[in-house]
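Engineer: Contents of query.txt (compact mmCIF, C-alpha atoms):
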# COMPACT_ATOMS: atom_id res chain seq x y z
CA MET A 925 18.78 24.95 -24.28
CA LYS A 926 20.24 24.88 -27.79
CA LYS A 927 22.35 21.73 -27.62
CA ARG A 928 22.26 17.99 -27.02
CA VAL A 929 24.09 16.21 -24.22
CA TYR A 930 25.37 12.64 -24.21
CA GLY A 931 26.93 11.14 -21.14
CA ILE A 932 27.90 8.35 -18.79
CA ALA A 933 27.18 8.02 -15.08
CA GLY A 934 29.18 5.57 -12.98
CA ILE A 935 28.20 4.12 -9.59
CA SER A 936 30.47 2.09 -7.33
CA SER A 937 28.88 -0.39 -4.94
CA ILE A 938 31.18 -1.68 -2.19
CA MET A 939 29.67 -4.20 0.25
CA ALA A 940 26.23 -2.94 -0.78
CA ASN A 941 23.36 -3.76 -3.12
CA TRP A 942 22.72 -1.03 -5.69
CA ASN A 943 19.70 -2.62 -7.38
CA ALA A 944 18.16 -5.89 -6.22
CA ASP A 945 15.58 -8.04 -7.98
CA PHE A 946 12.65 -9.64 -6.14
CA SER A 947 14.90 -12.43 -4.85
CA GLY A 948 17.04 -9.84 -3.07
CA TYR A 949 20.13 -10.51 -5.22
CA PRO A 950 21.64 -7.93 -7.60
CA LYS A 951 19.69 -7.76 -10.85
CA THR A 952 21.02 -9.84 -13.74
CA ASN A 953 19.96 -10.31 -17.36
CA SER A 954 19.53 -13.64 -19.16
CA SER A 955 23.33 -13.84 -19.61
CA ARG A 956 23.80 -13.46 -15.84
CA LYS A 957 25.39 -10.04 -16.24
CA ILE A 958 24.74 -7.73 -13.30
CA PHE A 959 22.98 -4.49 -14.14
CA GLY A 960 21.07 -1.66 -12.51
CA SER A 961 17.83 -0.31 -13.96
CA ASP A 962 17.35 3.31 -14.91
CA LYS A 963 14.78 3.54 -12.08
CA ALA A 964 17.51 2.68 -9.56
CA PHE A 965 19.50 5.71 -10.73
CA LYS A 966 16.55 8.10 -10.95
CA TYR A 967 15.16 7.32 -7.49
CA PRO A 968 18.02 8.85 -5.43
CA MET A 969 17.87 11.90 -7.69
CA LYS A 970 14.15 12.30 -7.02
CA LYS A 971 14.69 11.86 -3.27
CA MET A 972 17.38 14.54 -3.34
CA TRP A 973 15.10 16.95 -5.21
CA GLU A 974 12.23 16.20 -2.82
CA ASN A 975 14.47 16.88 0.19
CA GLN A 976 15.43 20.20 -1.40
CA GLY A 977 11.76 21.22 -1.49
CA LYS A 978 11.26 20.80 -5.25
CA ASN A 979 8.07 19.38 -6.76
CA VAL A 980 8.50 15.65 -7.40
CA LEU A 981 5.40 13.86 -8.67
CA TYR A 982 6.46 10.25 -9.28
CA ILE A 983 7.61 9.23 -5.83
CA LYS A 984 5.92 7.29 -3.06
CA SER A 985 4.12 9.36 -0.43
CA MET A 986 1.91 8.07 2.37
CA ARG A 987 -1.39 8.97 3.98
CA PHE A 988 -3.70 7.55 6.64
CA GLU A 989 -6.95 5.82 5.73
CA GLU A 990 -9.62 4.97 8.27
CA ASP A 991 -12.08 2.12 7.85
CA LYS A 992 -14.04 -0.26 10.08
CA THR A 993 -10.89 -2.14 11.08
CA GLY A 994 -8.92 0.93 12.14
CA ILE A 995 -6.53 3.53 10.79
CA HIS A 996 -4.04 2.32 8.19
CA LEU A 997 -0.98 3.86 6.56
CA ILE A 998 -1.20 3.47 2.76
CA PRO A 999 0.54 4.93 -0.31
CA ARG A 1000 -1.21 7.69 -2.23
CA THR A 1001 -2.51 7.06 -5.72
CA LEU A 1002 -1.13 9.13 -8.61
CA LYS A 1003 -4.32 11.20 -8.55
CA GLU A 1004 -3.92 11.86 -4.81
CA ARG A 1005 -0.25 12.74 -5.21
CA TYR A 1006 -1.09 15.25 -7.96
CA GLU A 1007 -3.79 16.81 -5.77
CA GLN A 1008 -1.40 17.04 -2.82
CA LEU A 1009 1.46 18.51 -4.83
CA PHE A 1010 -0.53 21.14 -6.71
CA SER A 1011 -3.18 21.93 -4.05
CA VAL A 1012 -6.04 20.59 -6.16
CA GLU A 1013 -9.18 19.59 -4.25
CA ASP A 1014 -10.45 17.04 -6.76
CA LEU A 1015 -8.73 16.24 -10.07
CA LYS A 1016 -12.01 14.88 -11.44
CA GLN A 1017 -13.44 18.40 -11.25
CA GLU A 1018 -10.43 19.86 -13.10
CA ASN A 1019 -11.53 20.47 -16.69
CA ASP A 1020 -8.60 22.61 -17.78
CA GLY A 1021 -6.20 20.31 -19.68
CA LYS A 1022 -3.75 23.13 -20.26
CA ARG A 1023 -3.45 23.80 -16.54
CA ILE A 1024 -2.80 20.10 -15.87
CA LEU A 1025 0.01 20.09 -18.43
CA GLU A 1026 1.47 23.27 -16.94
CA ASN A 1027 1.44 21.68 -13.48
CA LEU A 1028 3.08 18.50 -14.75
CA PHE A 1029 5.95 20.49 -16.23
CA LYS A 1030 6.39 22.22 -12.86
CA ALA A 1031 7.46 18.87 -11.38
CA ILE A 1032 11.23 18.55 -11.76
CA ASP A 1033 11.10 14.79 -12.30
CA VAL A 1034 8.55 15.19 -15.11
CA LYS A 1035 10.59 18.01 -16.67
CA ASN A 1036 13.58 15.67 -16.84
CA PHE A 1037 12.22 12.15 -17.26
CA GLY A 1038 8.73 12.68 -18.72
CA ALA A 1039 5.44 11.18 -17.55
CA THR A 1040 2.48 8.98 -18.34
CA PHE A 1041 -0.55 10.56 -16.71
CA ALA A 1042 -3.81 8.65 -17.24
CA GLU A 1043 -5.97 9.90 -14.41
CA ALA A 1044 -9.51 11.26 -14.08
CA GLY A 1045 -10.21 11.29 -17.81
CA ASN A 1046 -6.81 12.64 -18.78
CA ASN A 1047 -4.52 10.70 -21.07
CA ILE A 1048 -1.24 12.58 -21.20
CA SER A 1049 2.11 11.22 -22.35
CA ILE A 1050 5.31 13.26 -22.08
CA THR A 1051 8.55 11.85 -23.48
CA GLY A 1052 11.31 13.07 -21.19
CA ALA A 1053 14.22 15.16 -22.43
CA VAL A 1054 16.52 12.96 -20.33
CA GLN A 1055 16.70 9.29 -21.28
CA PHE A 1056 18.73 6.68 -19.37
CA GLY A 1057 19.88 3.27 -20.51
CA GLN A 1058 20.50 0.30 -18.22
CA GLY A 1059 23.68 0.45 -16.15
CA PHE A 1060 25.83 -2.65 -16.58
CA ASN A 1061 28.45 -3.71 -14.07
CA LYS A 1062 31.88 -3.58 -15.72
CA TYR A 1063 33.69 -5.47 -12.95
CA GLU A 1064 33.58 -9.12 -13.94
CA GLU A 1065 34.68 -10.50 -10.54
CA SER A 1066 31.63 -9.25 -8.61
CA GLN A 1067 30.17 -11.74 -6.18
CA ALA A 1068 26.94 -11.59 -4.19
CA PHE A 1069 26.56 -13.28 -0.82
CA ASP A 1070 24.18 -13.57 2.13
CA GLN A 1071 24.88 -11.88 5.42
CA PRO A 1072 22.93 -13.41 8.37
CA ILE A 1073 21.42 -10.78 10.67
CA LEU A 1074 20.10 -11.51 14.16
CA SER A 1075 16.80 -9.80 14.91
CA PRO A 1076 16.20 -8.38 18.42
CA PHE A 1077 12.74 -10.01 18.42
CA ARG A 1078 11.39 -13.52 18.34
CA ASP A 1079 8.65 -14.62 15.96
CA PRO A 1080 5.54 -15.62 17.98
CA ASN A 1081 4.27 -17.70 15.03
CA ALA A 1082 7.42 -19.80 14.78
CA LYS A 1083 7.35 -23.22 16.45
CA GLU A 1084 10.23 -24.63 18.42
CA LYS A 1085 11.35 -28.23 17.91
CA SER A 1086 13.06 -29.97 20.76
CA LEU A 1087 16.42 -31.62 20.18
CA LYS A 1088 15.60 -34.20 22.87
CA LYS A 1089 13.49 -37.27 22.35
CA SER A 1090 9.80 -36.33 22.64
CA SER A 1091 7.88 -37.56 25.64
CA LYS A 1092 4.43 -39.08 25.36
CA LYS A 1093 2.87 -35.83 26.59
CA GLN A 1094 4.83 -33.80 24.00
CA ASP A 1095 3.69 -36.20 21.29
CA GLU A 1096 0.07 -35.56 22.27
CA ASN A 1097 0.62 -31.79 21.93
CA ALA A 1098 2.40 -32.04 18.59
CA ASP A 1099 0.59 -30.49 15.65
CA GLU A 1100 -0.03 -32.12 12.28
CA ASN A 1101 3.40 -31.02 11.01
CA GLY A 1102 5.24 -32.63 13.90
CA ASP A 1103 5.85 -29.34 15.75
CA GLU A 1104 5.46 -29.34 19.51
CA GLY A 1105 3.12 -26.35 19.63
CA LYS A 1106 5.52 -24.18 21.66
CA GLU A 1107 6.44 -20.66 20.62
CA ALA A 1108 10.05 -20.12 19.57
CA ARG A 1109 12.16 -18.87 22.47
CA ASN A 1110 14.98 -17.37 20.41
CA SER A 1111 15.03 -14.23 18.28
CA THR A 1112 14.76 -14.68 14.53
CA ILE A 1113 17.58 -14.57 11.98
CA GLY A 1114 17.24 -12.48 8.84
CA THR A 1115 19.40 -12.11 5.75
CA LYS A 1116 21.03 -9.13 4.06
CA ILE A 1117 22.25 -9.72 0.50
CA ILE A 1118 25.11 -7.61 -0.81
CA SER A 1119 27.80 -7.74 -3.49
CA ASP A 1120 31.44 -7.40 -2.51
CA GLU A 1121 32.16 -4.91 -5.29
CA ALA A 1122 30.44 -3.71 -8.45
CA HIS A 1123 30.88 -0.77 -10.82
CA TYR A 1124 27.82 0.26 -12.84
CA PHE A 1125 28.01 2.51 -15.89
CA TYR A 1126 24.88 4.14 -17.34
CA SER A 1127 24.46 5.90 -20.67
CA PHE A 1128 22.15 8.89 -20.87
CA SER A 1129 21.18 11.53 -23.40
CA ILE A 1130 19.43 14.90 -23.20
CA ASP A 1131 17.42 16.20 -26.15
CA PRO A 1132 15.59 19.49 -25.44
CA ALA A 1133 13.87 19.33 -28.85
CA VAL A 1134 11.37 16.72 -27.58
CA TYR A 1135 9.43 19.52 -25.86
CA LYS A 1136 8.99 21.55 -29.05
CA ASP A 1137 5.25 20.77 -29.37
CA PHE A 1138 4.62 21.59 -25.70
CA ILE A 1139 6.44 24.92 -26.10
CA GLU A 1140 4.15 25.75 -29.03
CA LEU A 1141 1.14 24.86 -26.84
CA GLY A 1142 2.36 27.40 -24.29
CA VAL A 1143 2.53 24.97 -21.34
CA THR A 1144 6.30 25.09 -20.78
CA ASP A 1145 9.39 27.11 -21.62
CA GLY A 1146 11.11 23.88 -22.64
CA TYR A 1147 14.23 22.26 -21.24
CA THR A 1148 16.49 25.09 -20.09
CA GLU A 1149 20.10 25.52 -19.03
CA ASP A 1150 18.85 25.75 -15.43
CA ASP A 1151 17.11 22.38 -15.82
CA TYR A 1152 20.34 20.90 -17.17
CA CYS A 1153 22.35 22.31 -14.23
CA GLU A 1154 19.88 20.77 -11.74
CA PHE A 1155 20.12 17.41 -13.48
CA LYS A 1156 23.89 17.58 -13.70
CA LYS A 1157 24.29 18.37 -10.01
CA ALA A 1158 21.91 15.62 -8.85
CA SER A 1159 23.29 12.97 -11.22
CA MET A 1160 26.79 13.42 -9.73
CA THR A 1161 25.83 13.48 -6.05
CA ALA A 1162 22.48 11.76 -5.42
CA ALA A 1163 23.80 8.20 -5.06
CA THR A 1164 26.48 9.33 -2.62
CA SER A 1165 23.99 11.31 -0.54
CA TYR A 1166 21.32 8.57 -0.50
CA ALA A 1167 22.18 6.25 2.40
CA THR A 1168 19.83 3.40 3.28
CA ASN A 1169 20.77 0.03 4.75
CA SER A 1170 21.42 -1.50 1.33
CA LYS A 1171 22.62 1.68 -0.44
CA ALA A 1172 25.25 2.69 2.14
CA GLY A 1173 28.43 1.89 0.24
CA CYS A 1174 27.04 3.08 -3.11
CA GLU A 1175 28.65 6.26 -4.44
CA ASN A 1176 28.91 8.37 -7.58
CA GLU A 1177 32.41 7.69 -8.86
CA PHE A 1178 32.31 8.80 -12.50
CA SER A 1179 30.37 11.16 -14.76
CA MET A 1180 30.99 12.28 -18.30
CA PHE A 1181 29.08 15.03 -20.13
CA VAL A 1182 29.53 15.54 -23.88
CA GLU A 1183 27.76 18.71 -25.05
CA THR A 1184 27.13 18.81 -28.80
CA ASP A 1185 25.38 20.80 -31.48
CA GLU A 1186 21.69 20.03 -31.96
CA ASP A 1187 22.31 17.96 -35.10
CA VAL A 1188 25.01 15.67 -33.64
CA TYR A 1189 24.02 12.08 -32.81
CA LEU A 1190 26.25 9.83 -30.70
CA PRO A 1191 25.86 6.12 -29.84
CA ASN A 1192 25.54 4.47 -26.41
CA MET A 1193 28.50 6.00 -24.58
CA ALA A 1194 28.78 3.41 -21.79
CA GLU A 1195 29.60 0.73 -24.37
CA HIS A 1196 32.94 2.51 -24.84
CA ILE A 1197 33.98 2.24 -21.17
CA VAL A 1198 36.54 -0.35 -20.04
CA PHE A 1199 37.01 -0.91 -16.31
CA GLU A 1200 40.13 -2.54 -14.87
CA LYS A 1201 40.71 -3.44 -11.23
CA GLY A 1202 43.97 -2.15 -9.79
CA GLU A 1203 45.84 -2.75 -6.54
CA LYS A 1204 45.70 0.86 -5.35
CA LYS A 1205 43.47 2.57 -7.89
CA ASN A 1206 41.05 1.24 -10.48
CA LYS A 1207 41.38 2.36 -14.09
CA VAL A 1208 38.55 3.65 -16.26
CA MET A 1209 39.47 3.73 -19.95
CA ILE A 1210 37.31 5.81 -22.27
CA ASP A 1211 37.51 4.10 -25.63
CA CYS A 1212 35.58 6.61 -27.75
CA SER A 1213 38.28 9.25 -28.17
CA SER A 1214 38.48 8.89 -31.96
CA LEU A 1215 34.69 9.13 -32.27
CA LEU A 1216 34.56 12.42 -30.34
CA ASN A 1217 37.70 13.86 -31.90
CA GLU A 1218 36.44 13.20 -35.43
CA ALA A 1219 33.16 14.96 -34.67
CA GLY A 1220 35.24 18.14 -34.50
CA LYS A 1221 33.29 21.38 -34.20
CA GLY A 1222 30.09 19.49 -33.47
CA ILE A 1223 31.45 18.74 -29.99
CA GLN A 1224 31.10 21.88 -27.89
CA ASN A 1225 32.44 20.64 -24.56
CA VAL A 1226 33.56 17.45 -22.80
CA GLU A 1227 33.66 17.25 -19.00
CA ILE A 1228 34.82 14.19 -17.05
CA TYR A 1229 34.16 14.00 -13.31
CA TYR A 1230 35.64 11.19 -11.24
CA ASN A 1231 36.77 10.14 -7.78
CA PRO A 1232 40.54 10.78 -7.89
CA TYR A 1233 41.11 8.78 -4.70
CA THR A 1234 39.87 5.48 -6.11
CA ILE A 1235 40.17 5.63 -9.92
CA GLU A 1236 42.37 7.05 -12.64
CA ILE A 1237 41.20 8.00 -16.11
CA GLU A 1238 42.77 7.00 -19.41
CA HIS A 1239 41.58 8.88 -22.53
CA ASP A 1240 42.71 10.79 -25.64
CA ILE A 1241 39.79 13.19 -25.99
CA ILE A 1242 41.16 16.52 -27.20
CA LYS A 1243 38.51 18.79 -25.65
CA ALA A 1244 38.13 16.91 -22.35
CA LYS A 1245 38.48 18.65 -19.00
CA LEU A 1246 38.87 16.61 -15.81
CA TYR A 1247 37.17 17.45 -12.49
CA ASP A 1248 36.95 16.05 -8.96
CA ILE A 1249 33.43 14.62 -8.71
CA PHE A 1250 33.11 15.67 -5.05
CA THR A 1251 34.45 19.23 -5.17
CA GLN A 1252 33.71 19.86 -8.88
CA LYS A 1253 37.11 21.57 -9.10
CA GLU A 1254 39.21 21.07 -12.20
CA ILE A 1255 42.09 18.61 -11.84
Please re-express this file's structure in structure tokens.
Structural biologist:
Amino acid sequence: MKKRVYGIAGISSIMANWNADFSGYPKTNSSRKIFGSDKAFKYPMKKMWENQGKNVLYIKSMRFEEDKTGIHLIPRTLKERYEQLFSVEDLKQENDGKRILENLFKAIDVKNFGATFAEAGNNISITGAVQFGQGFNKYEESQAFDQPILSPFRDPNAKEKSLKKSSKKQDENADENGDEGKEARNSTIGTKIISDEAHYFYSFSIDPAVYKDFIELGVTDGYTEDDYCEFKKASMTAATSYATNSKAGCENEFSMFVETDEDVYLPNMAEHIVFEKGEKKNKVMIDCSSLLNEAGKGIQNVEIYYNPYTIEIEHDIIKAKLYDIFTQKEI
């Protein structure tokens, strides 16, 4: 591919939780601004590729392990995942470094995002052609809240405390913490944490030139137009297609692709996005029109994909073409 690509990917999260931290609440930085990590965006893409039968290396896969205590379900190591994916019996016996590199580039996630592969005496680092920034929520009124959920089961380890005054016999059975020693008779209550509404915007860039050395080594053909098409398709649909309990309600709502000459360098594109909440439709304002227009011939193509049912676009980019993000038909 003889060009660079700079872009923006937008995710809407309605009554959902796009990217939680370890507390269960939406991730925030030190300034309490909500953001989603690049890993949160890449994961649905990798799941989509895996479901399509493509080789995906950096994704959790499970296997059974038997020991003295029984048979357990555990995640594979990176070495085991490589062996499974490329039908290798034992990576430690693989002495052909070129073949390992060739296999790594056959994985679509490695071809896009790169890899760090330090296994069985190999120390391989591949900087990915596709690089994502962090996706910051542009809707300032987002609020997160807890949603109590009743479990269909009781917890046998939970102790029940009586609301009535304890009898002498109950006092004798009480444990050191004051519990009566009886199992809980009611089912447990869990919590689901979601945000009412959030709109995340990620910057990304694609630089095929990063694979130049690997092309010269003969282990890959480099980042191709076909690779770009696969990335483009997944980046606009993966979040919408990926529906888990917390991700249902998260959708791709905006994508922008700026294709440039190889010697054109553009800044973080998402910094030039302004989001405004509307009564019927939200407004996404692209505030980098002058930057792209002044680049002139260096800008080959500008494509803007969005959900026309929920947002409207405001821009002054001369070369921009607008498309429906779901049908990919020009508007």
Engineer: Within 8 Å of (22.1, 22.6, -28.4) in the file's own coordinates, which protein, DNA or RNA residues have an atom, counting all atoms listed in the file? List them as a short mmCIF file (atom, residue, chain, number, x, y, z; two decimals) with C-alpha atoms, in the coordinates of the input.
Structural biologist:
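Result file follows (part23.cif):
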data_model
loop_
_atom_site.label_atom_id
_atom_site.label_comp_id
_atom_site.auth_asym_id
_atom_site.auth_seq_id
_atom_site.Cartn_x
_atom_site.Cartn_y
_atom_site.Cartn_z
CA MET A 925 18.78 24.95 -24.28
CA LYS A 926 20.24 24.88 -27.79
CA LYS A 927 22.35 21.73 -27.62
CA ARG A 928 22.26 17.99 -27.02
CA VAL A 929 24.09 16.21 -24.22
CA PRO A 1132 15.59 19.49 -25.44
CA GLU A 1183 27.76 18.71 -25.05
CA THR A 1184 27.13 18.81 -28.80
CA ASP A 1185 25.38 20.80 -31.48
CA GLU A 1186 21.69 20.03 -31.96
#
Engineer: Please build the interface table for region 1010-1056 of chain A against region 931-944 of chain A with a cut-off of 12 Å, listing for each qualifying residue the nearest atom pair and the distance in Å to one decimal; count all atoms listed in the file, order rows by chain and increasing number, and write it as a tab-separated table.
Structural biologist:
residue	atom	partner	partner_atom	distance
A:Val1054	CA	A:Gly931	CA	10.6
A:Gln1055	CA	A:Gly931	CA	10.4
A:Phe1056	CA	A:Ile932	CA	9.3
Engineer: Show me the residues close to (15.0, -13.6, 19.0) - anything with an atom within 8 Å, counting all atoms listed in the file - and format the list as a PDB file with C-alpha atoms, keeping the file's coordinate frame.
Structural biologist:
ATOM      1  CA  LEU A1074      20.100 -11.510  14.160  1.00  0.00           C
ATOM      2  CA  SER A1075      16.800  -9.800  14.910  1.00  0.00           C
ATOM      3  CA  PRO A1076      16.200  -8.380  18.420  1.00  0.00           C
ATOM      4  CA  PHE A1077      12.740 -10.010  18.420  1.00  0.00           C
ATOM      5  CA  ARG A1078      11.390 -13.520  18.340  1.00  0.00           C
ATOM      6  CA  ASP A1079       8.650 -14.620  15.960  1.00  0.00           C
ATOM      7  CA  ARG A1109      12.160 -18.870  22.470  1.00  0.00           C
ATOM      8  CA  ASN A1110      14.980 -17.370  20.410  1.00  0.00           C
ATOM      9  CA  SER A1111      15.030 -14.230  18.280  1.00  0.00           C
ATOM     10  CA  THR A1112      14.760 -14.680  14.530  1.00  0.00           C
ATOM     11  CA  ILE A1113      17.580 -14.570  11.980  1.00  0.00           C
TER      12      ILE A1113
END
Engineer: Can you pull out the residues contacting Arg1000 (chain A)? Cut-off 12 Å, using only C-alpha atoms, and skip same-chain residues under 5 positions away; I want them as JSON, numbers by chain.
Structural biologist: {"A": [981, 982, 983, 984, 985, 986, 987, 988, 989, 1005, 1006, 1007, 1008, 1009]}
Engineer: With C-alpha atoms retained, could you export that selection as a compact mmCIF listing (two decimals), keeping the file's coordinate frame?
Structural biologist:
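Below is the file out_28.txt, written as the result:
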# COMPACT_ATOMS: atom_id res chain seq x y z
CA LEU A 981 5.40 13.86 -8.67
CA TYR A 982 6.46 10.25 -9.28
CA ILE A 983 7.61 9.23 -5.83
CA LYS A 984 5.92 7.29 -3.06
CA SER A 985 4.12 9.36 -0.43
CA MET A 986 1.91 8.07 2.37
CA ARG A 987 -1.39 8.97 3.98
CA PHE A 988 -3.70 7.55 6.64
CA GLU A 989 -6.95 5.82 5.73
CA ARG A 1005 -0.25 12.74 -5.21
CA TYR A 1006 -1.09 15.25 -7.96
CA GLU A 1007 -3.79 16.81 -5.77
CA GLN A 1008 -1.40 17.04 -2.82
CA LEU A 1009 1.46 18.51 -4.83
Engineer: Closest to Gly1057 (chain A) among A:Lys963, A:Lys992, A:Lys1003, A:Arg956, using only C-alpha atoms?
Structural biologist: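 Of the candidates, the smallest distance to Gly1057 (chain A) is held by A:Lys963.
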Engineer: Give the answer as one residue: which of A:Tyr1124, A:Phe1155, A:Tyr949, A:Tyr1147 has the shortest atom-to-atom distance to Ala1194 (chain A), using all atoms listed in the file?
Structural biologist: A:Tyr1124
Engineer: Please provide as a list in words all residues within 10 Å of Tyr967 (chain A), with the sequence filter that same-chain residues fewer than 3 positions apart are discarded (counting all atoms listed in the file).
Structural biologist: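 Result of the neighbour search: Asp962, Lys963, Ala964, Lys970, Lys971, Met972, Trp973, Tyr982, Ile983, Asp1033, Ala1162, Ala1163 and Tyr1166 of chain A.
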Engineer: Restricting the calculation to all atoms listed in the file: of A:Gly1146, A:Gly1059, A:Gly1173, A:Pro1072, which residue gets closest to Thr952 (chain A)?
Structural biologist: A:Gly1059
Engineer: Mind checking which residues fall within 12 Å of Gln1017 (chain A), counting all atoms listed in the file, ignoring those fewer than 2 positions away in the same chain, and posting them as a PyMOL selection string?
Structural biologist: chain A and resi 1003+1007+1012-1015+1019-1021+1024+1043-1046
Engineer: Distance CA of Gln1058 (chain A)-CA of Phe1037 (chain A), one decimal place?
Structural biologist: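 Between CA of Gln1058 (chain A) and CA of Phe1037 (chain A) the gap is 14.5 Å.
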Engineer: When you draw a straight line from CA of Val1198 (chain A) to CA of Asp1131 (chain A), how long is it in Å?
Structural biologist: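 Separation between CA of Val1198 (chain A) and CA of Asp1131 (chain A): 26.0 Å.
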Engineer: Which is closer to Ser1179 (chain A) than all the others in A:Gln1224, A:Ser955, A:Asn1231, A:Ser1214, using all atoms listed in the file?
Structural biologist: A:Asn1231
Engineer: Would you compute the distance between CA of Ile1130 (chain A) and CA of Ala1053 (chain A)? Give it in Å to one decimal.
Structural biologist: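 Interatomic distance, CA of Ile1130 (chain A) to CA of Ala1053 (chain A): 5.3 Å.
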Engineer: Closest to Asp1137 (chain A) among A:Ile1050, A:Tyr1233, A:Val1208, A:Gly994, using all atoms listed in the file?
Structural biologist: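 When distances to Asp1137 (chain A) are compared using all atoms listed in the file, the smallest one comes from A:Ile1050.
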Engineer: Kindly indicate which residue among A:Ile1255, A:Cys1212, A:Ala1122, A:Ala1219 lies nearest to Ile1241 (chain A), using only C-alpha atoms for the distances.
Structural biologist: A:Cys1212
Engineer: Could region 1202-1215 of chain A be completed with N, CA and C atoms and returned as a compact mmCIF listing (two decimals), in the frame of the given file?
Structural biologist:
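Full text of rebuild.txt as output:
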# COMPACT_ATOMS: atom_id res chain seq x y z
N GLY A 1202 42.57 -2.36 -10.13
CA GLY A 1202 43.97 -2.15 -9.79
C GLY A 1202 44.23 -2.41 -8.31
N GLU A 1203 45.49 -2.50 -7.94
CA GLU A 1203 45.84 -2.75 -6.54
C GLU A 1203 45.54 -1.54 -5.67
N LYS A 1204 45.93 -0.36 -6.13
CA LYS A 1204 45.70 0.86 -5.35
C LYS A 1204 44.55 1.68 -5.92
N LYS A 1205 44.54 1.83 -7.23
CA LYS A 1205 43.47 2.57 -7.89
C LYS A 1205 42.95 1.77 -9.08
N ASN A 1206 41.64 1.86 -9.30
CA ASN A 1206 41.05 1.24 -10.48
C ASN A 1206 41.24 2.15 -11.69
N LYS A 1207 41.17 1.57 -12.87
CA LYS A 1207 41.38 2.36 -14.09
C LYS A 1207 40.11 2.32 -14.94
N VAL A 1208 39.67 3.52 -15.34
CA VAL A 1208 38.55 3.65 -16.26
C VAL A 1208 39.10 4.17 -17.58
N MET A 1209 38.98 3.36 -18.62
CA MET A 1209 39.47 3.73 -19.95
C MET A 1209 38.29 4.12 -20.84
N ILE A 1210 38.37 5.31 -21.39
CA ILE A 1210 37.31 5.81 -22.27
C ILE A 1210 37.73 5.55 -23.70
N ASP A 1211 37.07 4.59 -24.33
CA ASP A 1211 37.51 4.10 -25.63
C ASP A 1211 36.70 4.69 -26.78
N CYS A 1212 36.33 5.97 -26.66
CA CYS A 1212 35.58 6.61 -27.75
C CYS A 1212 36.25 7.91 -28.16
N SER A 1213 37.55 8.02 -27.87
CA SER A 1213 38.28 9.25 -28.17
C SER A 1213 38.23 9.60 -29.65
N SER A 1214 38.47 8.62 -30.52
CA SER A 1214 38.48 8.89 -31.96
C SER A 1214 37.11 9.35 -32.45
N LEU A 1215 36.05 8.75 -31.89
CA LEU A 1215 34.69 9.13 -32.27
C LEU A 1215 34.43 10.60 -31.95
